[in-house]
Structures are given as C-alpha cells and as structure tokens.
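S.K.: If it helps, the file is called entry_10.tsv and holds TSV, C-alpha atoms and all ligand atoms:
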```
chain	number	residue	atom	x	y	z
A	1	MET	CA	11.80	3.52	1.61
A	2	SER	CA	10.89	7.14	1.06
A	3	GLU	CA	13.53	9.83	1.24
A	4	THR	CA	13.38	12.37	4.03
A	5	ILE	CA	13.48	16.11	3.52
A	6	LEU	CA	13.90	18.70	6.23
A	7	VAL	CA	12.38	22.12	5.49
A	8	VAL	CA	13.75	25.04	7.51
A	9	GLU	CA	11.60	28.05	6.69
A	10	ASP	CA	10.05	30.68	8.93
A	11	GLU	CA	7.29	31.86	6.59
A	12	LEU	CA	4.27	29.82	7.57
A	13	VAL	CA	2.51	29.74	4.20
A	14	LEU	CA	5.63	28.81	2.29
A	15	ARG	CA	6.61	26.18	4.86
A	16	GLU	CA	3.20	24.54	4.70
A	17	THR	CA	3.05	24.73	0.91
A	18	LEU	CA	6.45	23.05	0.68
A	19	ALA	CA	5.53	20.37	3.20
A	20	TYR	CA	2.29	19.65	1.40
A	21	ASN	CA	3.81	19.42	-2.08
A	22	LEU	CA	6.82	17.37	-1.01
A	23	GLY	CA	4.56	15.03	0.93
A	24	LYS	CA	2.44	14.58	-2.16
A	25	GLN	CA	5.59	13.55	-4.06
A	26	GLY	CA	6.15	10.76	-1.55
A	27	TYR	CA	8.87	12.38	0.54
A	28	GLU	CA	8.80	12.18	4.30
A	29	VAL	CA	8.84	15.82	5.41
A	30	HIS	CA	9.98	17.42	8.64
A	31	THR	CA	9.76	21.16	9.25
A	32	ALA	CA	11.46	23.70	11.46
A	33	GLU	CA	10.70	27.40	11.64
A	34	GLU	CA	13.99	28.70	12.94
A	35	GLY	CA	17.69	27.98	12.71
A	36	ASN	CA	18.48	26.27	16.00
A	37	THR	CA	15.57	23.85	15.84
A	38	GLY	CA	16.54	23.21	12.22
A	39	VAL	CA	20.01	22.11	13.29
A	40	ASP	CA	18.66	19.95	16.12
A	41	LEU	CA	16.10	18.34	13.84
A	42	ALA	CA	18.74	17.65	11.19
A	43	TYR	CA	20.78	15.63	13.70
A	44	GLU	CA	17.67	13.90	14.93
A	45	VAL	CA	16.07	12.79	11.66
A	46	GLN	CA	19.21	12.58	9.49
A	47	PRO	CA	17.38	13.81	6.39
A	48	ASP	CA	18.41	12.94	2.83
A	49	LEU	CA	18.15	16.61	1.88
A	50	ILE	CA	17.63	19.98	3.56
A	51	LEU	CA	15.71	22.94	2.15
A	52	LEU	CA	17.11	25.91	3.99
A	53	ASP	CA	15.83	29.45	4.02
A	54	ILE	CA	18.43	32.13	4.68
A	55	MET	CA	16.59	34.84	6.62
A	56	LEU	CA	15.54	33.00	9.76
A	57	PRO	CA	14.91	34.00	13.34
A	58	GLY	CA	17.78	33.07	15.63
A	59	ILE	CA	20.76	31.88	13.67
A	60	ASP	CA	20.38	32.43	9.93
A	61	GLY	CA	20.57	29.92	7.09
A	62	PHE	CA	24.25	30.61	6.45
A	63	GLU	CA	25.13	29.74	10.03
A	64	VAL	CA	22.88	26.65	9.96
A	65	CYS	CA	24.64	25.52	6.80
A	66	ARG	CA	28.09	26.05	8.32
A	67	LEU	CA	27.19	24.15	11.48
A	68	LEU	CA	25.71	21.20	9.59
A	69	ARG	CA	28.59	21.03	7.12
A	70	LYS	CA	30.98	20.26	9.95
A	71	GLU	CA	29.04	17.16	10.92
A	72	MET	CA	26.92	15.97	8.02
A	73	ASN	CA	27.20	15.21	4.35
A	74	VAL	CA	23.56	15.95	3.57
A	75	PRO	CA	22.83	17.98	0.41
A	76	ILE	CA	21.58	21.47	1.23
A	77	LEU	CA	19.41	23.50	-1.13
A	78	MET	CA	19.19	27.13	-0.02
A	79	LEU	CA	16.20	29.35	-0.56
A	80	THR	CA	17.06	32.96	-1.01
A	81	ALA	CA	15.18	36.22	-1.54
A	82	ARG	CA	18.06	38.58	-2.18
A	83	ALA	CA	20.74	39.00	-4.79
A	84	ASP	CA	23.52	39.63	-2.28
A	85	GLU	CA	22.68	36.32	-0.64
A	86	VAL	CA	23.11	34.59	-3.98
A	87	ASP	CA	26.59	36.06	-4.28
A	88	LYS	CA	27.49	34.60	-0.93
A	89	ILE	CA	26.12	31.17	-1.77
A	90	VAL	CA	27.72	31.05	-5.19
A	91	GLY	CA	31.00	32.12	-3.67
A	92	LEU	CA	30.80	28.75	-1.88
A	93	GLU	CA	31.48	30.39	1.43
A	94	VAL	CA	28.81	28.34	3.12
A	95	GLY	CA	28.95	24.96	1.40
A	96	ALA	CA	25.42	24.78	0.01
A	97	ASP	CA	24.91	22.38	-2.88
A	98	ASP	CA	22.37	24.45	-4.78
A	99	TYR	CA	20.05	27.44	-4.33
A	100	LEU	CA	16.76	28.78	-5.59
A	101	THR	CA	15.72	32.41	-5.68
A	102	LYS	CA	12.28	33.28	-4.36
A	103	PRO	CA	9.75	33.25	-5.84
A	104	PHE	CA	10.26	29.87	-7.47
A	105	SER	CA	7.89	27.37	-9.04
A	106	MET	CA	7.18	24.09	-7.30
A	107	ARG	CA	8.12	22.29	-10.49
A	108	GLU	CA	11.55	23.91	-10.55
A	109	LEU	CA	12.08	23.09	-6.89
A	110	LEU	CA	11.11	19.44	-7.35
A	111	ALA	CA	13.45	19.11	-10.32
A	112	ARG	CA	16.37	20.49	-8.28
A	113	ILE	CA	15.56	18.20	-5.36
A	114	LYS	CA	15.43	15.15	-7.60
A	115	ALA	CA	18.74	16.08	-9.22
A	116	LEU	CA	20.46	16.51	-5.84
A	117	LEU	CA	19.09	13.28	-4.43
A	118	ARG	CA	20.10	11.40	-7.58
A	119	ARG	CA	23.63	12.78	-7.32
A	120	VAL	CA	23.93	11.60	-3.73
A	121	ARG	CA	22.49	8.19	-4.56
A	122	MET	CA	24.97	7.73	-7.40
A	123	THR	CA	27.91	8.72	-5.26
A	124	ARG	CA	26.78	6.30	-2.60
A	125	GLU	CA	26.49	3.47	-5.10
A	126	GLU	CA	29.93	4.22	-6.49
A	127	VAL	CA	31.41	4.11	-3.03
A	128	ALA	CA	29.60	0.87	-2.26
A	129	ALA	CA	30.82	-0.68	-5.51
A	130	GLU	CA	34.39	0.33	-4.75
A	131	VAL	CA	34.23	-1.11	-1.26
A	132	GLU	CA	32.80	-4.34	-2.63
A	133	GLU	CA	35.56	-4.56	-5.19
A	134	ASP	CA	38.21	-4.01	-2.57
A	135	GLU	CA	36.75	-6.58	-0.25
A	136	ALA	CA	36.10	-9.28	-2.82
A	137	PRO	CA	38.59	-12.08	-2.31
A	138	HIS	CA	40.99	-12.29	-5.19
A	139	GLN	CA	42.57	-15.43	-3.86
A	140	LEU	CA	40.99	-18.56	-2.50
A	141	ILE	CA	43.44	-20.41	-0.29
A	142	PHE	CA	43.05	-24.01	0.84
A	143	ASP	CA	46.31	-25.03	2.53
A	144	ASN	CA	48.73	-25.73	-0.29
A	145	LEU	CA	46.12	-25.07	-2.98
A	146	VAL	CA	45.79	-21.43	-4.01
A	147	ILE	CA	43.33	-20.11	-6.59
A	148	ASP	CA	44.36	-16.70	-7.87
A	149	MET	CA	41.19	-15.18	-9.31
A	150	ASP	CA	42.93	-12.11	-10.76
A	151	ARG	CA	45.36	-14.16	-12.82
A	152	ARG	CA	43.09	-17.18	-13.38
A	153	GLU	CA	45.87	-19.32	-12.07
A	154	VAL	CA	45.96	-22.18	-9.61
A	155	PHE	CA	48.98	-23.07	-7.52
A	156	LEU	CA	49.67	-26.34	-5.75
A	157	ASN	CA	52.66	-26.22	-3.40
A	158	ASP	CA	53.57	-22.90	-5.02
A	159	GLU	CA	53.71	-24.44	-8.45
A	160	SER	CA	51.40	-23.20	-11.17
A	161	LEU	CA	49.03	-25.88	-12.47
A	162	ASP	CA	48.25	-26.28	-16.12
A	163	LEU	CA	44.43	-26.23	-16.08
A	164	ARG	CA	42.10	-26.10	-19.06
A	165	PRO	CA	39.70	-23.11	-18.91
A	166	LYS	CA	36.72	-25.28	-17.97
A	167	GLU	CA	38.73	-27.11	-15.32
A	168	TYR	CA	39.58	-23.75	-13.81
A	169	ASP	CA	35.96	-22.55	-13.92
A	170	LEU	CA	34.77	-25.81	-12.42
A	171	LEU	CA	37.29	-25.60	-9.59
A	172	VAL	CA	36.34	-21.98	-8.82
A	173	CYS	CA	32.65	-22.85	-8.84
A	174	LEU	CA	33.22	-25.72	-6.42
A	175	ALA	CA	35.62	-23.76	-4.22
A	176	GLN	CA	33.29	-20.77	-3.91
A	177	ASN	CA	30.63	-23.18	-2.67
A	178	ARG	CA	32.94	-25.02	-0.32
A	179	GLY	CA	31.11	-27.57	1.81
A	180	ARG	CA	27.97	-27.47	-0.32
A	181	VAL	CA	26.89	-30.30	-2.59
A	182	LEU	CA	26.46	-29.14	-6.17
A	183	SER	CA	24.53	-31.30	-8.60
A	184	ARG	CA	25.89	-32.08	-12.05
A	185	GLU	CA	23.10	-29.91	-13.46
A	186	GLN	CA	24.10	-26.96	-11.28
A	187	LEU	CA	27.71	-27.34	-12.33
A	188	LEU	CA	26.76	-27.58	-16.01
A	189	GLU	CA	24.64	-24.49	-15.70
A	190	ASN	CA	27.29	-22.48	-13.88
A	191	VAL	CA	30.42	-23.59	-15.67
A	192	TRP	CA	29.32	-24.49	-19.15
A	193	GLU	CA	26.41	-22.10	-19.50
A	194	TRP	CA	25.45	-21.94	-23.14
A	195	ASP	CA	28.36	-23.69	-24.74
A	196	TYR	CA	27.47	-26.96	-23.10
A	197	THR	CA	27.11	-29.79	-25.58
A	198	GLY	CA	27.82	-32.98	-23.69
A	199	GLY	CA	25.64	-34.56	-21.02
A	200	SER	CA	26.38	-34.65	-17.33
A	201	ARG	CA	29.26	-37.01	-18.19
A	202	THR	CA	31.12	-33.85	-19.18
A	203	VAL	CA	31.18	-32.87	-15.52
A	204	ASP	CA	32.45	-36.27	-14.40
A	205	VAL	CA	35.27	-36.22	-16.95
A	206	HIS	CA	36.39	-32.74	-15.91
A	207	ILE	CA	36.22	-33.70	-12.25
A	208	ARG	CA	38.49	-36.66	-12.98
A	209	TRP	CA	40.98	-34.42	-14.78
A	210	LEU	CA	40.88	-31.90	-11.95
A	211	ARG	CA	41.47	-34.61	-9.36
A	212	GLU	CA	44.51	-35.81	-11.25
A	213	LYS	CA	45.93	-32.32	-10.91
A	214	ILE	CA	44.97	-31.28	-7.38
A	215	GLU	CA	44.52	-34.50	-5.38
A	216	ARG	CA	47.46	-36.26	-3.80
A	217	ASP	CA	45.80	-39.60	-4.56
A	218	PRO	CA	43.21	-39.12	-7.35
A	219	GLY	CA	41.81	-42.61	-6.62
A	220	HIS	CA	40.98	-41.51	-3.04
A	221	PRO	CA	40.06	-37.83	-3.36
A	222	VAL	CA	39.89	-35.65	-0.23
A	223	ARG	CA	39.30	-32.29	-1.91
A	224	ILE	CA	36.54	-32.98	-4.40
A	225	ILE	CA	34.18	-35.51	-2.86
A	226	THR	CA	31.62	-37.51	-4.86
A	227	VAL	CA	28.19	-37.41	-3.27
A	228	ARG	CA	26.54	-40.50	-4.65
A	229	GLY	CA	23.40	-39.86	-6.66
A	230	VAL	CA	23.71	-36.09	-6.22
A	231	GLY	CA	26.92	-34.49	-7.40
A	232	TYR	CA	30.12	-33.12	-5.91
A	233	ARG	CA	31.28	-31.25	-2.86
A	234	PHE	CA	34.48	-29.30	-2.42
A	235	GLU	CA	36.12	-29.84	0.96
A	236	GLY	CA	39.06	-27.50	0.63
A	301	CA	CA	12.70	33.75	5.84
```
Show this structure as structure tokens.

M.R.:
Amino acid sequence: MSETILVVEDELVLRETLAYNLGKQGYEVHTAEEGNTGVDLAYEVQPDLILLDIMLPGIDGFEVCRLLRKEMNVPILMLTARADEVDKIVGLEVGADDYLTKPFSMRELLARIKALLRRVRMTREEVAAEVEEDEAPHQLIFDNLVIDMDRREVFLNDESLDLRPKEYDLLVCLAQNRGRVLSREQLLENVWEWDYTGGSRTVDVHIRWLREKIERDPGHPVRIITVRGVGYRFEG
C-alpha cells in the first residue's frame, strides 16, 4: 500500500511540481492551498506525512502545525522561505519534525521524506513488537497442568515435573496446537529439527515418557491422545 502525503502550499507552481514528483515516486498525494483546508484534509485522509508551507492564506503553517499536533502523530516537514521562520521551527515551538529552506532540490526533499517515513515505520514496528511480547502467553494452563514458558518448567498439581528438554519441547508443541492432530513427521520437524537421528519411534518413546509424567493413568491417556495411523492430539 502506498504512503499518503498531504501537501499544503499556496504557490501553484510549487504545489503542482511537488504533487507531480511525489506521485511519480509512488506516493498518494493530496493537496491544499490554504491552512484551514489543509487541517480539514489532514483529518480526512490521515496522511503518513505532511509537507507544510509556512506563509499561507488564512491560518499560517505554524498554526496548522499546532492544531494538528494536538490531534495527530503525523510527521510534519515544514517548508520555509525565511531565516526567522527557521529559528521558530528549530526552537521547537511548533512541533515540526523537520524543515527545508526554499529553494530546495527535489532530491533533497525526497531524501528527507523517506527518512521521516522510515523513522515512523520503525517506531510503529517497535511498538507492535512490544505489544506482541506483552500479549504472548507465558503460561499455558490446562486445569492442574501448567506450562511456564518463561522458566521452561511444567507443574502438575503445583509440583514441578522433571522433564527432559525434548519432552518439554514436545509437550509445548502439542499444547500450542491443542485439539489439532499432529503427525509424527510434524512433531519430528518441530521438536527435533536438525538434531533428529531416530525414526518416528523417537516420537512414540517420548510420548510414552511424557504420559508417565502428566497422565493420571498412562495406560488410558486423556491428555495426549493417539490418533491411529496419523499421530497425536493434545486435549488439555
Ligand atoms: Ca507560501
């Protein structure tokens, strides 16, 4: 999906040049020629970045920036023609993310835009990764059987079980696929990966060991069910 850029610029030639060049780069471009429509359009299209001229009819770029900052997190690149404007931007009074002094080259502008968009993308990914980490279950709980993924420990009736590493991996693999039949091949691939030397009998042996540890009656298992001719299914 292409990223959207809103251009707020009152000079016709510059506005059209920007729209043309950004469009050619694959961005979806929206334009406004004065401050108030710029603000309205920003809310409407929710752009990924805003190019904002300072001297505009109606409310100026500083005011537009202040208004948007209250409501949106969008990166704002300001276009300025005067040194005193630069002072104001750099003083961070308005909350712009970057600025360019007119006249500027299209190449310079595109580089700044890419850098800003990349920064936002990275921040977003970091946030997403953190959320994912927080939400990932660190414990799998099946009545009196608790698998603590942080500590690689399994508890049955609150007592820690003495599992071999592969027994633990096998149990986690089955438990994470609760209710689904997993073939011996799938289990070998997931649990043993490259250090697998035995045949599919390896799986059966480990299942037997696991059952002795987690089933009330290993001869009549209710947690790890054998699916004849296919593999195993974890019931919980
Ligand atoms: Ca202007």

S.K.: Could you pull out every residue with an atom within 8 Å of (20.9, 26.7, 13.9), file coordinates, counting only C-alpha atoms, and send them as a list in words?

M.R.: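 Nearby residues: Glu34, Gly35, Asn36, Thr37, Gly38, Val39, Asp40, Gly58, Ile59, Asp60, Gly61, Glu63, Val64 and Leu67 of chain A.
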
S.K.: Give me, please, the distance in Å between CA of Arg228 (chain A) and CA of Leu174 (chain A), quoted to one decimal.

M.R.: 16.3 Å

S.K.: Would you mind telling me which residue in A:Leu170, A:Leu117, A:Leu56, A:Leu79 lies nearest to Thr202 (chain A) when using only C-alpha atoms?

M.R.: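 Under the stated criterion, the closest residue is A:Leu170.
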
S.K.: Can you work out which one of A:Ala129, A:Leu210, A:Ile5, A:Met55 has the shortest atom-to-atom distance to ligand CA 301 (chain A), counting only C-alpha atoms and all ligand atoms?

M.R.: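 Using only C-alpha atoms and all ligand atoms, ligand CA 301 (chain A) sits closest to A:Met55.
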
S.K.: Ligand CA 301 (chain A): which residues are within 7 Å, counting all atoms listed in the file, as an MDAnalysis selection string?

M.R.: chainID A and resid 9:11 53:56

S.K.: For region 206-208 of chain A, find every residue with an atom within 12 Å (counting only C-alpha atoms), except residues of its own chain fewer than 2 positions away, and show them as a ChimeraX atom specification.

M.R.: /A:163-171,173-174,184,187-188,191-192,198,200-204,210-215,217-221,223-226,231-234

S.K.: Quick one: distance from CA of Ile89 (chain A) to CA of Tyr20 (chain A) in Å, one decimal?

M.R.: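 According to the coordinates, CA of Ile89 (chain A) and CA of Tyr20 (chain A) are separated by 26.7 Å.
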
S.K.: Interatomic distance between CA of Leu12 (chain A) and CA of Lys88 (chain A)?

M.R.: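 So the answer is 25.2 Å.
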
S.K.: For Thr31 (chain A), which residue out of A:Val8, A:Ile141, A:Cys65, A:Leu51 is the nearest one, using all atoms listed in the file?

M.R.: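 Ranked by minimum distance to Thr31 (chain A), first place goes to A:Val8.
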
S.K.: Using all atoms listed in the file, determine which residues lie at most 10 Å from Gly26 (chain A), disregarding the query and same-chain residues fewer than 3 positions distant; provide the list as a list in words.

M.R.: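 That gives Met1, Ser2, Glu3, Thr4, Asn21, Leu22, Gly23 and Val29 of chain A.
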
S.K.: Given the choices A:Gln46, A:Ser105, A:Asn177, A:Thr80, which gets closest to Leu18 (chain A) if the distance is worked out from all atoms listed in the file?

M.R.: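 Closest to Leu18 (chain A) of all the choices is A:Ser105.
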
S.K.: When you look at Asp143 (chain A) with a cut-off of 9 Å (counting all atoms listed in the file), what residues show up, excluding the ones that are within fewer than 3 positions of it in the same chain? I need them as a PyMOL selection string.

M.R.: chain A and resi 146+157+236

S.K.: Hey, could you pull the box centre and edge lengths for region 103-122 of chain A, axis-aligned, 6 Å padding per side, all listed atoms, to one decimal in Å, as AutoDock Vina command-line options?

M.R.:
```
--center_x 16.1 --center_y 20.5 --center_z -7.1 --size_x 29.8 --size_y 37.5 --size_z 18.8
```
